[in-house]
Amino acid sequence: MKKIYLLCSQGMSTSILASMMQDCANKHKLPVEIVAYPHGKLPSVIEKWALPDAILLGPQVKYLLEETRQRFSHLNIPIIMISQEDYGMLNSDKVLKKALLAMQENKEKKNESIDDIWSNTVWVRRKRE
């Protein structure tokens, strides 16, 4: 099961998007767990629970993107921004696609084989919108 963490300032507004993304993943039978957290709790979440396969930051913590990338670069996972438009419109399908594509590209960069269920899923392979 792949894990995607969504981060914002308090983890509340992002939890709505995370829930919608989880519904979308379930609908497409993707083995993904999507959870929202406050940005400040990320170190303890990683320490206590599990390493994520991707980290997505909400627009309200955009200023923390580079700091987050530097602090967690040793994890070798994608750390990306959720666009203001997708966040505001709760475009869960599009945000999920971007996360999965970022995870796939990250594996390709590390020359790992891509054997995840979504690598052959037409829904994910569509060009980025």
# chains A, B, ... in the order shown; residues from 1 in each chain; ligands from 1
call {"tool": "residues_around", "arguments": {"residues": "segment 16-33 of chain A", "least_positions_apart": "5", "cutoff": "6 Å", "atoms": "only C-alpha atoms", "output": "list in words"}}
result
Met1, Lys2, Lys3, Leu90 and Ser92 of chain A
call {"tool": "select_by_dssp", "arguments": {"residues": "segment 36-80 of chain A", "states": "strand (DSSP E)", "output": "list of chain:residue names"}}
result
A:Ala36, A:Tyr37, A:Pro38, A:Ala54, A:Ile55, A:Leu56, A:Leu57, A:Ile79, A:Ile80
call {"tool": "residues_around", "arguments": {"residues": "segment 58-63 of chain A", "least_positions_apart": "2", "cutoff": "12 Å", "atoms": "only C-alpha atoms", "output": "MDAnalysis selection string"}}
result
chainID A and resid 5:18 36:40 55:56 65:69 79:88 90 95
call {"tool": "write_last_selection", "arguments": {"atoms": "N, CA and C atoms", "output": "tab-separated table (two decimals), in the first residue's frame"}}
result
chain	number	residue	atom	x	y	z
A	5	TYR	N	0.91	11.73	1.78
A	5	TYR	CA	0.59	12.65	2.87
A	5	TYR	C	0.33	14.03	2.28
A	6	LEU	N	-0.79	14.62	2.65
A	6	LEU	CA	-1.12	15.99	2.29
A	6	LEU	C	-0.87	16.86	3.51
A	7	LEU	N	-0.21	17.97	3.30
A	7	LEU	CA	0.15	18.84	4.42
A	7	LEU	C	-0.38	20.24	4.21
A	8	CYS	N	-0.91	20.81	5.28
A	8	CYS	CA	-1.29	22.23	5.26
A	8	CYS	C	-0.96	22.78	6.64
A	9	SER	N	-1.43	23.98	6.92
A	9	SER	CA	-1.04	24.59	8.18
A	9	SER	C	-1.65	23.86	9.39
A	10	GLN	N	-2.91	23.46	9.31
A	10	GLN	CA	-3.54	22.77	10.44
A	10	GLN	C	-4.01	21.35	10.11
A	11	GLY	N	-4.00	20.97	8.85
A	11	GLY	CA	-4.43	19.63	8.46
A	11	GLY	C	-5.93	19.47	8.36
A	12	MET	N	-6.66	20.55	8.50
A	12	MET	CA	-8.12	20.46	8.50
A	12	MET	C	-8.70	20.60	7.09
A	13	SER	N	-8.40	21.68	6.41
A	13	SER	CA	-8.97	21.87	5.07
A	13	SER	C	-8.42	20.81	4.11
A	14	THR	N	-7.20	20.43	4.31
A	14	THR	CA	-6.59	19.42	3.44
A	14	THR	C	-7.21	18.05	3.68
A	15	SER	N	-7.76	17.83	4.86
A	15	SER	CA	-8.37	16.53	5.13
A	15	SER	C	-9.59	16.30	4.24
A	16	ILE	N	-10.28	17.35	3.84
A	16	ILE	CA	-11.41	17.20	2.92
A	16	ILE	C	-10.91	16.70	1.57
A	17	LEU	N	-9.86	17.33	1.06
A	17	LEU	CA	-9.28	16.91	-0.22
A	17	LEU	C	-8.73	15.49	-0.11
A	18	ALA	N	-8.07	15.18	0.99
A	18	ALA	CA	-7.50	13.84	1.18
A	18	ALA	C	-8.61	12.78	1.16
A	36	ALA	N	-4.15	13.46	5.63
A	36	ALA	CA	-3.76	14.87	5.80
A	36	ALA	C	-3.22	15.10	7.22
A	37	TYR	N	-2.19	15.94	7.28
A	37	TYR	CA	-1.57	16.29	8.56
A	37	TYR	C	-1.20	17.77	8.55
A	38	PRO	N	-1.07	18.36	9.74
A	38	PRO	CA	-0.46	19.69	9.81
A	38	PRO	C	1.03	19.57	9.45
A	39	HIS	N	1.53	20.55	8.74
A	39	HIS	CA	2.93	20.49	8.30
A	39	HIS	C	3.89	20.29	9.47
A	40	GLY	N	3.64	20.95	10.57
A	40	GLY	CA	4.54	20.87	11.72
A	40	GLY	C	4.64	19.50	12.34
A	55	ILE	N	4.73	13.41	-0.75
A	55	ILE	CA	4.25	14.46	0.13
A	55	ILE	C	3.71	15.58	-0.77
A	56	LEU	N	2.49	16.02	-0.49
A	56	LEU	CA	1.88	17.12	-1.23
A	56	LEU	C	1.58	18.24	-0.26
A	65	LEU	N	7.79	24.91	0.91
A	65	LEU	CA	8.15	23.88	-0.07
A	65	LEU	C	9.64	23.59	-0.08
A	66	GLU	N	10.48	24.59	-0.27
A	66	GLU	CA	11.92	24.35	-0.35
A	66	GLU	C	12.48	23.82	0.96
A	67	GLU	N	12.01	24.37	2.07
A	67	GLU	CA	12.46	23.88	3.38
A	67	GLU	C	12.09	22.39	3.56
A	68	THR	N	10.89	22.03	3.14
A	68	THR	CA	10.44	20.65	3.25
A	68	THR	C	11.27	19.74	2.37
A	69	ARG	N	11.54	20.18	1.15
A	69	ARG	CA	12.37	19.38	0.23
A	69	ARG	C	13.77	19.17	0.80
A	79	ILE	N	8.12	15.57	-3.44
A	79	ILE	CA	7.50	16.55	-2.57
A	79	ILE	C	7.03	17.67	-3.49
A	80	ILE	N	5.72	17.77	-3.67
A	80	ILE	CA	5.18	18.70	-4.66
A	80	ILE	C	4.08	19.57	-4.07
A	81	MET	N	3.77	20.65	-4.78
A	81	MET	CA	2.71	21.57	-4.39
A	81	MET	C	1.40	21.15	-5.04
A	82	ILE	N	0.33	21.37	-4.32
A	82	ILE	CA	-1.01	21.28	-4.89
A	82	ILE	C	-1.34	22.68	-5.40
A	83	SER	N	-1.75	22.78	-6.64
A	83	SER	CA	-2.02	24.11	-7.19
A	83	SER	C	-3.20	24.76	-6.46
A	84	GLN	N	-3.17	26.07	-6.41
A	84	GLN	CA	-4.24	26.83	-5.76
A	84	GLN	C	-5.59	26.50	-6.40
A	85	GLU	N	-5.60	26.39	-7.73
A	85	GLU	CA	-6.84	26.10	-8.45
A	85	GLU	C	-7.39	24.72	-8.08
A	86	ASP	N	-6.53	23.70	-8.15
A	86	ASP	CA	-6.99	22.34	-7.83
A	86	ASP	C	-7.42	22.22	-6.37
A	87	TYR	N	-6.71	22.90	-5.50
A	87	TYR	CA	-7.03	22.88	-4.08
A	87	TYR	C	-8.38	23.56	-3.83
A	88	GLY	N	-8.53	24.75	-4.39
A	88	GLY	CA	-9.75	25.51	-4.18
A	88	GLY	C	-10.99	24.84	-4.77
A	90	LEU	N	-11.26	21.63	-5.11
A	90	LEU	CA	-11.27	20.25	-4.58
A	90	LEU	C	-11.23	19.23	-5.72
A	95	VAL	N	-5.48	16.00	-8.55
A	95	VAL	CA	-4.40	16.00	-7.55
A	95	VAL	C	-3.87	14.58	-7.36
call {"tool": "closest_residue", "arguments": {"among": "A:Lys109, A:Ser73, A:Val35, A:Lys97", "to": "Trp49 of chain A", "atoms": "only C-alpha atoms"}}
result
A:Val35
call {"tool": "atom_distance", "arguments": {"atom1": "atom CA of Ile4 of chain A", "atom2": "atom CA of Gln104 of chain A"}}
result
12.9 Å
call {"tool": "atom_distance", "arguments": {"atom1": "atom CA of Asp53 of chain A", "atom2": "atom CA of Ile77 of chain A"}}
result
5.9 Å
call {"tool": "atom_distance", "arguments": {"atom1": "atom CA of Ala54 of chain A", "atom2": "atom CA of Met103 of chain A"}}
result
6.5 Å
call {"tool": "select_by_dssp", "arguments": {"residues": "chain A", "states": "helix (DSSP H, G or I)", "output": "number ranges by chain"}}
result
A: 13-27, 39-48, 59-71, 73-75, 84-88, 92-109, 117-120, 122-125
